[in-house]
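Pasting start.cif here (mmCIF, C-alpha atoms):
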```cif
data_entry
loop_
_atom_site.label_atom_id
_atom_site.label_comp_id
_atom_site.auth_asym_id
_atom_site.auth_seq_id
_atom_site.Cartn_x
_atom_site.Cartn_y
_atom_site.Cartn_z
CA MET J 1 132.76 79.03 67.35
CA SER J 2 135.79 81.33 67.72
CA LYS J 3 135.69 84.81 69.12
CA LYS J 4 136.04 87.71 66.77
CA ILE J 5 139.35 89.52 66.66
CA LEU J 6 138.46 93.13 67.29
CA CYS J 7 140.60 96.22 66.95
CA CYS J 8 140.66 99.94 67.76
CA VAL J 9 139.68 101.66 70.95
CA MET J 10 136.12 102.78 71.47
CA ALA J 11 135.61 106.50 71.11
CA ALA J 12 132.58 106.93 73.37
CA LEU J 13 132.06 106.20 77.02
CA LEU J 14 129.37 103.81 78.15
CA ALA J 15 125.86 105.23 78.47
CA LEU J 16 123.37 103.44 80.64
CA THR J 17 120.54 103.89 78.15
CA VAL J 18 117.59 101.55 77.99
CA VAL J 19 116.88 100.30 74.49
CA LEU J 20 113.63 98.42 74.49
CA ALA J 21 112.55 95.85 71.97
CA GLY J 22 109.73 96.96 69.77
CA CYS J 23 110.38 100.69 70.00
CA GLY J 24 109.95 102.30 66.62
CA ALA J 25 110.12 105.84 65.43
CA GLU J 26 106.44 106.40 66.13
CA THR J 27 106.32 104.85 69.62
CA PRO J 28 106.75 107.04 72.71
CA ASP J 29 110.26 107.51 74.12
CA SER J 30 111.13 105.82 77.39
CA SER J 31 113.73 106.59 80.02
CA SER J 32 114.10 105.78 83.67
CA SER J 33 113.47 108.60 86.10
CA VAL J 34 116.74 107.53 87.72
CA PRO J 35 119.87 109.11 86.21
CA ALA J 36 122.65 106.65 85.42
CA GLU J 37 125.98 107.49 87.06
CA ASP J 38 127.93 107.11 83.83
CA SER J 39 126.01 108.94 81.14
CA ALA J 40 128.65 110.91 79.30
CA ALA J 41 127.87 109.59 75.85
CA SER J 42 125.24 107.52 74.12
CA GLY J 43 125.37 105.14 71.19
CA ASP J 44 122.59 104.19 68.83
CA ALA J 45 121.77 100.52 69.31
CA SER J 46 120.31 100.37 65.84
CA GLU J 47 123.73 100.93 64.30
CA PRO J 48 126.78 98.69 64.65
CA ALA J 49 129.76 100.05 66.58
CA SER J 50 131.97 101.82 64.07
CA GLU J 51 135.12 101.41 66.16
CA PRO J 52 134.72 98.25 68.28
CA ALA J 53 136.85 97.95 71.39
CA ALA J 54 139.95 95.79 71.08
CA ASP J 55 139.22 93.96 74.33
CA ALA J 56 135.46 93.61 73.87
CA PRO J 57 134.43 90.29 75.45
CA SER J 58 132.06 87.82 73.86
CA VAL J 59 128.89 87.44 75.90
CA LEU J 60 126.23 84.72 75.96
CA LEU J 61 122.89 84.94 77.77
CA VAL J 62 121.09 81.84 79.05
CA CYS J 63 117.46 82.59 79.91
CA GLY J 64 113.97 81.19 79.76
CA ASN J 65 112.30 83.48 77.23
CA ALA J 66 114.09 86.50 75.79
CA ASN J 67 110.75 87.97 74.70
CA ASP J 68 109.06 87.77 78.10
CA LYS J 69 108.36 91.53 78.26
CA SER J 70 110.12 91.41 81.62
CA PHE J 71 113.67 91.10 82.93
CA ALA J 72 114.93 88.42 80.53
CA GLU J 73 113.99 90.71 77.67
CA SER J 74 115.82 93.53 79.42
CA ALA J 75 118.89 91.28 79.59
CA ALA J 76 118.60 90.47 75.88
CA ASN J 77 118.41 94.18 75.15
CA GLY J 78 121.59 94.60 77.17
CA LEU J 79 123.34 92.27 74.72
CA LYS J 80 122.11 94.40 71.83
CA GLU J 81 123.64 97.41 73.53
CA LEU J 82 126.93 95.53 73.94
CA GLU J 83 127.01 94.96 70.21
CA ALA J 84 126.29 98.62 69.52
CA GLN J 85 128.55 100.14 72.17
CA TYR J 86 131.54 97.80 72.02
CA GLY J 87 131.11 95.52 69.02
CA CYS J 88 130.83 92.49 71.29
CA GLU J 89 129.95 89.11 69.85
CA THR J 90 126.76 88.01 71.61
CA LYS J 91 124.27 85.17 71.61
CA VAL J 92 121.04 84.32 73.45
CA VAL J 93 120.17 80.74 74.41
CA GLU J 94 116.56 80.23 75.50
CA ILE J 95 115.56 77.14 77.49
CA GLY J 96 111.91 77.89 78.22
CA SER J 97 110.37 77.19 81.62
CA ASP J 98 111.93 73.74 82.11
CA THR J 99 114.44 74.33 84.91
CA THR J 100 115.92 70.84 84.44
CA LYS J 101 117.59 72.23 81.31
CA ILE J 102 119.60 74.83 83.23
CA ILE J 103 122.52 72.64 84.32
CA PRO J 104 123.06 70.79 81.02
CA THR J 105 122.76 74.07 79.09
CA LEU J 106 125.30 75.82 81.31
CA GLU J 107 127.65 72.86 81.00
CA ASP J 108 127.25 72.85 77.24
CA VAL J 109 128.11 76.54 76.79
CA SER J 110 130.93 76.72 79.35
CA GLY J 111 133.64 75.26 77.16
CA GLY J 112 135.59 78.49 76.80
CA GLU J 113 134.08 79.93 73.64
CA TRP J 114 132.45 82.81 75.54
CA ASP J 115 134.24 85.30 77.78
CA LEU J 116 131.13 85.91 79.90
CA ILE J 117 127.99 83.83 80.42
CA VAL J 118 125.01 85.71 81.84
CA THR J 119 122.02 84.22 83.67
CA VAL J 120 119.03 85.99 85.19
CA GLY J 121 116.93 84.92 88.16
CA PHE J 122 117.18 83.16 91.51
CA GLN J 123 116.38 79.79 89.90
CA TYR J 124 119.83 79.84 88.27
CA ALA J 125 121.75 80.24 91.54
CA GLU J 126 121.94 76.61 92.63
CA PRO J 127 122.66 75.25 89.13
CA LEU J 128 125.37 77.86 88.66
CA ALA J 129 126.94 76.97 92.01
CA GLU J 130 127.18 73.40 90.73
CA VAL J 131 128.47 74.19 87.24
CA ALA J 132 130.85 77.11 87.88
CA PRO J 133 133.48 75.08 89.82
CA GLN J 134 133.68 72.64 86.90
CA PHE J 135 134.86 75.48 84.63
CA PRO J 136 137.14 77.66 86.78
CA GLU J 137 138.39 79.69 83.80
CA GLN J 138 134.88 80.56 82.64
CA LYS J 139 133.41 83.87 83.90
CA TYR J 140 129.74 84.16 84.85
CA LEU J 141 127.32 86.95 85.74
CA ILE J 142 124.06 86.21 87.52
CA CYS J 143 121.49 88.97 87.96
CA ASP J 144 118.64 89.33 90.43
CA THR J 145 120.15 87.17 93.15
CA GLN J 146 123.32 86.73 95.20
CA MET J 147 125.76 83.84 95.40
CA ASP J 148 127.66 82.40 98.37
CA TYR J 149 131.30 83.46 98.25
CA THR J 150 132.29 81.93 101.59
CA ASP J 151 135.80 80.43 101.66
CA GLY J 152 136.44 81.35 98.05
CA ALA J 153 133.34 79.67 96.62
CA ASN J 154 132.10 80.83 93.20
CA ALA J 155 135.34 82.68 92.53
CA ASN J 156 134.51 82.98 88.82
CA VAL J 157 131.01 84.40 89.36
CA TYR J 158 129.85 87.99 89.81
CA SER J 159 126.33 88.51 91.14
CA VAL J 160 124.04 91.53 91.25
CA ASP J 161 120.77 91.86 93.08
CA TYR J 162 118.55 94.91 93.30
CA LYS J 163 116.85 97.20 95.76
CA GLY J 164 113.46 96.44 94.34
CA ASN J 165 111.93 97.88 97.49
CA GLU J 166 113.10 101.36 96.41
CA GLY J 167 111.28 101.19 93.10
CA ALA J 168 108.27 99.63 94.80
CA PHE J 169 108.21 102.56 97.23
CA LEU J 170 107.83 104.96 94.31
CA SER J 171 105.21 102.69 92.74
CA GLY J 172 103.27 102.61 96.01
CA ALA J 173 103.35 106.38 96.29
CA LEU J 174 102.03 106.76 92.76
CA ALA J 175 99.36 104.12 93.37
CA ALA J 176 98.17 105.95 96.50
CA MET J 177 97.96 109.24 94.64
CA VAL J 178 95.91 107.56 91.92
CA THR J 179 93.47 105.86 94.29
CA THR J 180 92.88 109.11 96.20
CA SER J 181 92.47 111.18 93.01
CA ASP J 182 89.56 112.06 90.75
CA MET J 183 91.15 110.28 87.77
CA GLU J 184 88.65 108.86 85.31
CA ASN J 185 89.04 105.20 86.30
CA ALA J 186 89.49 105.71 90.03
CA ASN J 187 86.67 104.92 92.44
CA PRO J 188 86.04 106.44 95.90
CA GLU J 189 87.68 103.48 97.67
CA LYS J 190 91.27 104.05 98.88
CA MET J 191 92.49 100.63 97.81
CA VAL J 192 95.22 99.29 95.54
CA GLY J 193 96.50 95.79 94.85
CA PHE J 194 99.71 93.86 94.36
CA VAL J 195 100.03 90.57 92.47
CA GLY J 196 103.31 88.83 93.22
CA GLY J 197 104.83 85.77 91.62
CA MET J 198 105.60 83.81 94.78
CA ASP J 199 105.46 84.33 98.53
CA MET J 200 109.22 84.72 98.96
CA THR J 201 111.61 87.37 100.28
CA LEU J 202 112.48 88.70 96.83
CA ILE J 203 108.84 89.48 96.07
CA ASN J 204 107.91 90.52 99.60
CA ASP J 205 110.67 93.09 99.42
CA PHE J 206 108.55 94.70 96.69
CA VAL J 207 105.41 94.41 98.81
CA ILE J 208 107.00 96.00 101.88
CA GLY J 209 108.30 98.92 99.81
CA PHE J 210 104.98 99.28 97.98
CA ILE J 211 103.04 99.50 101.25
CA GLN J 212 105.48 102.04 102.70
CA GLY J 213 105.23 104.21 99.58
CA ALA J 214 101.44 104.11 99.62
CA HIS J 215 101.32 105.07 103.30
CA GLU J 216 103.84 107.88 102.72
CA ILE J 217 101.06 109.53 100.69
CA ASP J 218 98.06 108.44 102.77
CA PRO J 219 98.20 106.03 105.74
CA GLU J 220 94.55 105.14 105.13
CA VAL J 221 95.23 103.53 101.74
CA LYS J 222 94.68 99.79 101.85
CA VAL J 223 96.93 97.39 99.96
CA SER J 224 95.62 93.95 99.05
CA THR J 225 98.32 91.39 98.20
CA SER J 226 97.98 88.12 96.24
CA TYR J 227 100.51 85.57 95.00
CA VAL J 228 100.24 83.60 91.78
CA GLY J 229 102.48 80.78 93.00
CA SER J 230 104.65 80.96 89.88
CA PHE J 231 106.25 83.42 87.50
CA ASP J 232 104.81 81.83 84.37
CA ASP J 233 101.06 81.37 84.85
CA SER J 234 99.66 84.50 83.21
CA ALA J 235 96.12 83.08 83.31
CA LYS J 236 96.33 82.83 87.10
CA GLY J 237 97.84 86.31 87.24
CA LYS J 238 94.88 87.67 85.31
CA GLU J 239 92.43 85.83 87.55
CA MET J 240 93.99 87.28 90.69
CA ALA J 241 94.11 90.79 89.28
CA ASN J 242 90.45 90.57 88.27
CA THR J 243 89.61 89.55 91.83
CA LEU J 244 91.45 92.58 93.17
CA TYR J 245 89.81 94.95 90.69
CA ASN J 246 86.38 93.51 91.48
CA ALA J 247 87.07 94.03 95.20
CA GLY J 248 87.55 97.75 94.61
CA CYS J 249 91.20 98.28 93.70
CA ASP J 250 91.71 101.12 91.24
CA LEU J 251 95.22 100.00 90.39
CA VAL J 252 97.14 96.73 90.58
CA TYR J 253 100.91 96.58 90.65
CA ASN J 254 102.41 93.67 88.71
CA GLY J 255 105.27 91.92 90.50
CA ALA J 256 104.96 88.50 88.92
CA GLY J 257 107.27 88.38 85.92
CA ASN J 258 105.69 86.64 82.96
CA ALA J 259 102.65 85.74 85.07
CA GLY J 260 102.17 89.45 85.58
CA LEU J 261 101.27 89.89 81.93
CA GLY J 262 97.88 88.56 82.98
CA VAL J 263 97.59 91.52 85.37
CA LEU J 264 97.92 93.86 82.40
CA ASP J 265 95.29 91.89 80.51
CA ALA J 266 92.93 92.26 83.46
CA ALA J 267 93.58 96.01 83.62
CA LYS J 268 92.42 96.36 80.03
CA GLU J 269 89.43 94.09 80.60
CA GLN J 270 88.35 96.06 83.70
CA ASN J 271 89.39 99.47 82.36
CA LYS J 272 91.50 99.98 85.47
CA TYR J 273 95.07 101.10 86.05
CA ALA J 274 98.20 99.02 86.40
CA ILE J 275 101.90 99.48 87.07
CA GLY J 276 104.25 97.25 85.12
CA THR J 277 107.52 95.77 86.27
CA ASP J 278 111.11 95.08 85.22
CA SER J 279 110.80 96.41 81.64
CA ASP J 280 108.83 99.35 80.27
CA GLN J 281 105.65 97.41 79.67
CA SER J 282 103.52 100.25 78.33
CA LEU J 283 105.98 100.67 75.46
CA MET J 284 105.97 96.95 74.86
CA PHE J 285 102.21 97.15 74.31
CA ALA J 286 102.38 100.31 72.23
CA ASP J 287 100.42 98.53 69.49
CA ASP J 288 97.48 98.28 71.94
CA GLU J 289 96.74 101.89 72.86
CA VAL J 290 94.04 101.02 75.38
CA LYS J 291 96.30 98.71 77.38
CA ALA J 292 99.37 100.93 77.04
CA ASN J 293 97.52 103.96 78.41
CA LEU J 294 96.26 102.00 81.43
CA ILE J 295 99.83 100.98 82.36
CA LEU J 296 100.65 104.28 84.03
CA THR J 297 104.34 103.45 84.41
CA SER J 298 106.61 100.49 85.05
CA GLN J 299 109.11 99.84 87.79
CA LEU J 300 112.30 99.27 85.87
CA LYS J 301 114.87 96.72 86.96
CA ARG J 302 117.60 97.63 84.51
CA ILE J 303 119.24 94.30 83.81
CA ASP J 304 120.44 95.77 80.52
CA ALA J 305 122.31 98.55 82.32
CA THR J 306 123.76 96.01 84.77
CA ILE J 307 125.22 93.94 81.94
CA LEU J 308 126.77 97.03 80.39
CA THR J 309 128.29 98.05 83.73
CA VAL J 310 129.74 94.59 84.35
CA VAL J 311 131.25 94.32 80.86
CA LYS J 312 132.74 97.80 81.24
CA GLY J 313 134.29 96.63 84.52
CA MET J 314 135.71 93.55 82.81
CA MET J 315 137.26 95.67 80.10
CA ASP J 316 138.88 98.22 82.42
CA GLY J 317 139.94 95.61 84.98
CA SER J 318 137.91 97.03 87.87
CA LEU J 319 135.46 94.14 88.18
CA GLN J 320 136.26 91.53 90.81
CA PHE J 321 134.72 88.13 90.23
CA GLY J 322 134.01 86.11 93.34
CA SER J 323 131.95 88.99 94.73
CA GLY J 324 128.59 90.65 94.37
CA ALA J 325 126.85 94.02 94.45
CA THR J 326 123.42 95.45 95.11
CA PHE J 327 122.12 98.10 92.71
CA GLY J 328 119.35 100.56 93.43
CA ILE J 329 118.33 104.12 92.62
CA LYS J 330 121.84 105.42 93.29
CA GLU J 331 123.36 103.08 90.73
CA GLY J 332 120.79 103.94 88.07
CA ALA J 333 119.39 100.42 88.07
CA ILE J 334 115.99 101.03 89.70
CA GLY J 335 113.34 103.63 88.88
CA LEU J 336 110.02 104.33 87.22
CA ALA J 337 109.65 104.54 83.45
CA ASP J 338 109.26 108.18 82.45
CA ASN J 339 107.74 107.77 79.01
CA ASP J 340 105.05 109.57 77.02
CA TYR J 341 102.26 107.42 78.50
CA TYR J 342 103.36 108.38 82.00
CA LYS J 343 103.41 112.05 81.04
CA ALA J 344 100.04 111.86 79.29
CA ASN J 345 98.16 109.91 81.96
CA VAL J 346 99.76 110.98 85.24
CA SER J 347 99.40 114.60 86.31
CA GLN J 348 102.41 116.89 86.61
CA GLU J 349 101.68 117.23 90.32
CA MET J 350 101.88 113.47 90.83
CA ARG J 351 105.03 113.17 88.74
CA ASP J 352 106.66 115.97 90.69
CA LYS J 353 105.83 114.20 93.95
CA VAL J 354 107.34 110.95 92.68
CA ALA J 355 110.48 112.83 91.67
CA GLU J 356 110.61 114.49 95.10
CA LEU J 357 110.34 111.15 96.88
CA GLU J 358 112.96 109.63 94.60
CA GLY J 359 115.32 112.42 95.56
CA LYS J 360 114.67 111.80 99.24
CA VAL J 361 115.47 108.10 98.84
CA LEU J 362 118.62 108.99 96.92
CA SER J 363 119.74 111.44 99.62
CA GLY J 364 118.97 109.04 102.45
CA GLU J 365 116.26 111.25 103.92
CA ILE J 366 113.85 108.37 103.34
CA VAL J 367 115.06 104.85 104.09
CA VAL J 368 112.86 102.27 102.43
CA ASP J 369 111.95 99.23 104.50
CA THR J 370 113.11 95.86 103.22
CA ALA J 371 111.93 92.30 103.66
CA TYR J 372 115.53 91.12 103.75
CA GLY J 373 116.43 90.50 107.36
CA MET J 374 112.80 90.64 108.51
CA GLU J 375 111.29 87.66 110.26
CA THR J 376 108.63 85.85 108.27
CA ASP J 377 106.01 86.63 110.91
CA ALA J 378 106.88 90.34 110.76
CA ILE J 379 106.52 90.38 106.97
CA LYS J 380 103.15 88.65 107.20
CA ALA J 381 101.99 91.05 109.91
CA ALA J 382 102.93 94.10 107.82
CA ILE J 383 101.12 92.74 104.77
CA ASP J 384 98.04 91.76 106.75
CA ALA J 385 97.90 95.14 108.49
CA ALA J 386 97.68 96.90 105.14
CA ARG J 387 94.83 94.74 103.83
CA PRO J 388 91.26 96.08 103.56
#
```

Written as C-alpha cells, that's how I'd like the structure from this file.
Amino acid sequence: MSKKILCCVMAALLALTVVLAGCGAETPDSSSSVPAEDSAASGDASEPASEPAADAPSVLLVCGNANDKSFAESAANGLKELEAQYGCETKVVEIGSDTTKIIPTLEDVSGGEWDLIVTVGFQYAEPLAEVAPQFPEQKYLICDTQMDYTDGANANVYSVDYKGNEGAFLSGALAAMVTTSDMENANPEKMVGFVGGMDMTLINDFVIGFIQGAHEIDPEVKVSTSYVGSFDDSAKGKEMANTLYNAGCDLVYNGAGNAGLGVLDAAKEQNKYAIGTDSDQSLMFADDEVKANLILTSQLKRIDATILTVVKGMMDGSLQFGSGATFGIKEGAIGLADNDYYKANVSQEMRDKVAELEGKVLSGEIVVDTAYGMETDAIKAAIDAARP
C-alpha cells in the first residue's frame, strides 16, 4: 500500500470534537463538559475533507475490538475525524482479545507504509517496547499508559496517559448526589458501587477519585468496590453489578472496559442507575431507551481527541517522540458526557454542582487524590474505609 499524495493546506483549525459511532440525526447530542483548548473551528466527520492537508500523515490503529463501546471505539472515531479534518489515510486492524497477536501484528504493520501506528491500553506497552526498536524510523503512539524513555529508550514512541481520577471525582460527586436524592430509582441507603476491570493502579486511580468525589458531597456515603479480574468478561461484570445493586447501591460506576458493559445490562435489569466510562455509553445504547436513560452520564476518556492532538503536533513539528504526556480536565481529555440523557435525568442543581466542582479542579482549588505513588496498603485502606 502506498500513501496518498495530498495537496493544499487545510482551511480550518483542529477542533477537539467527539464524534461517536452510531449517532444519527434523531439521537441526542453529546459533548464533554470539559472545553477543549483548541476549539476554534469544527469539521463535519460525515463529510470528507474538501481541502486535505499536504502533510497529512497516514495513520493505522491496532486494537482489540473497534466496536467495544469503550476506549478502542473512541480511538477508531479519532481516525474518522482525521479523515474528515485532514484527509488522512487511515486503517483499523483488530486482533481481538488474544494478546499473543500483538507483537506479530505490530511487526507486520511496521514496514514503513504508515506514518503513525496507534495502540491503546497498557497491555500494548511491553510488546511495543520490544517491536519499536526493530523499526527506528516508524513512529508510534500509545494511549492510556506510559513508556520508559530512560537512556533514549523508545525514541520513536509518544505515550499519553490520563488523569482518570479527575473524571472519577466528578462521577463520585454525581453518584453521591443521586444516592442522597429523592430520584425515582434511589433508595434511602447512602451507598454506591464501583466495578473495576482489575485490581491495579490504573483502575484504583479511578476508585480513589470516585471515593473522594462522593465524600466531597457527603462523607457518610459508602462506596462498595468490586473487580472483575479482566476487561473482557461482561457476564462477570453483570454478576458483580447485580450483587452491588442487591446490596443496596442505587448507582454503579463502570470502570471495567468491555466487561463493564455487563454493568449497564445489570442497571437495566435492576432498574437502577449507572455511570458509563471512556465513551458516551448512553448514546451508544440510544436504540434502547430504558438502558440509555439509566446511564446518567459517562466519564469520557477522549482517546479520539488525543489522536487528533498528536497528529496536529506531528504536522506542525511540535510533537517530540521519545516522550510522554498526561492529559486531564485541563487538556480537554477528561470529563463527563453532557448529552440530552444527562440533561433529562439529572437535575439542573446537580449538573450545576458538577460544573462547579469541575471548575475547582481546573483552577487547582481541589486537588484530586491519585493512586499513583500511593503504597498498595494505603490504597487498600482507603477503599476498605469507604465500604459499607

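Going from atom CA of J:Ser282 to atom CA of J:Gly262 covers 13.8 Å.
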
Taking into account all atoms listed in the file, which residue in the set J:Arg387, J:Lys236, J:Lys91, J:Arg351 is nearest to J:Val195?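 Closest candidate: J:Lys236.
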
As a list in words, please: the residues near J:Glu113 (cut-off 12 Å, only C-alpha atoms, same-chain neighbours under 3 positions excluded).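 Within the cut-off, the hits are Met1, Ser2, Lys3, Lys4, Pro57, Ser58, Val59, Leu60, Glu89, Thr90, Lys91, Asp108, Val109, Ser110, Leu116, Ile117, Phe135, Glu137, Gln138 and Lys139 of chain J.
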
Who sits within 12 Å of J:Met147, only C-alpha atoms, same chain under 4 positions skipped, as an MDAnalysis selection string: chainID J and resid 121:130 132 140:143 152:161 321:326

Residues at most 12 Å from J:Asp278, counting all atoms listed in the file, excluding those fewer than 4 positions away in the same chain, as an MDAnalysis selection string? chainID J and resid 18 20 32 68:75 144 162 164 167:168 206 253:258 260:261 282 284 297:304 333:337

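Around J:Tyr227, within 6 Å and counting all atoms listed in the file, the residues found are Val195, Gly196, Gly197 and Met198 of chain J, once anything fewer than 6 positions away on its own chain is removed.
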
For the provided coordinates, the residues matched by the PyMOL selection byres ((chain J and resi 64) around 7) should be stated as a ChimeraX atom specification. /J:63,65-66,94-97

Mind giving me the straight-line distance from atom CA of J:Val93 to atom CA of J:Gly112 in Å, one decimal?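 These two atoms are separated by 15.8 Å.
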
I want to know what sits within 8 Å of stretch 171-177 of chain J, based on only C-alpha atoms, with residues of the same chain fewer than 5 positions away left out; could you give that as a ChimeraX atom specification? /J:190-192,209-218,221,251,253,275,299,336,350,354

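Rounded to one decimal, atom CA of J:Leu61 and atom CA of J:Ala259 lie 21.5 Å from each other.
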
Set up a box along x, y and z of the file covering all listed atoms of stretch 239-258 of chain J, add 4 Å on every one of the six sides, and write the centre and edge lengths in Å to one decimal, as lines of an AutoDock Vina configuration file.
```
center_x = 96.8
center_y = 93.5
center_z = 89.1
size_x = 28.9
size_y = 23.3
size_z = 20.2
```

Pick from J:Leu170, J:Val120, J:Ala286, J:Ala305, whichever lies nearest to J:Val361 using only C-alpha atoms: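 Among the listed residues, J:Leu170 lies closest to J:Val361.
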
Under the rule that all atoms listed in the file are counted, which of J:Val118, J:Ala274, J:Val178, J:Ala381 is the nearest residue to J:Ala292?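 Smallest distance to J:Ala292 is found for J:Ala274.
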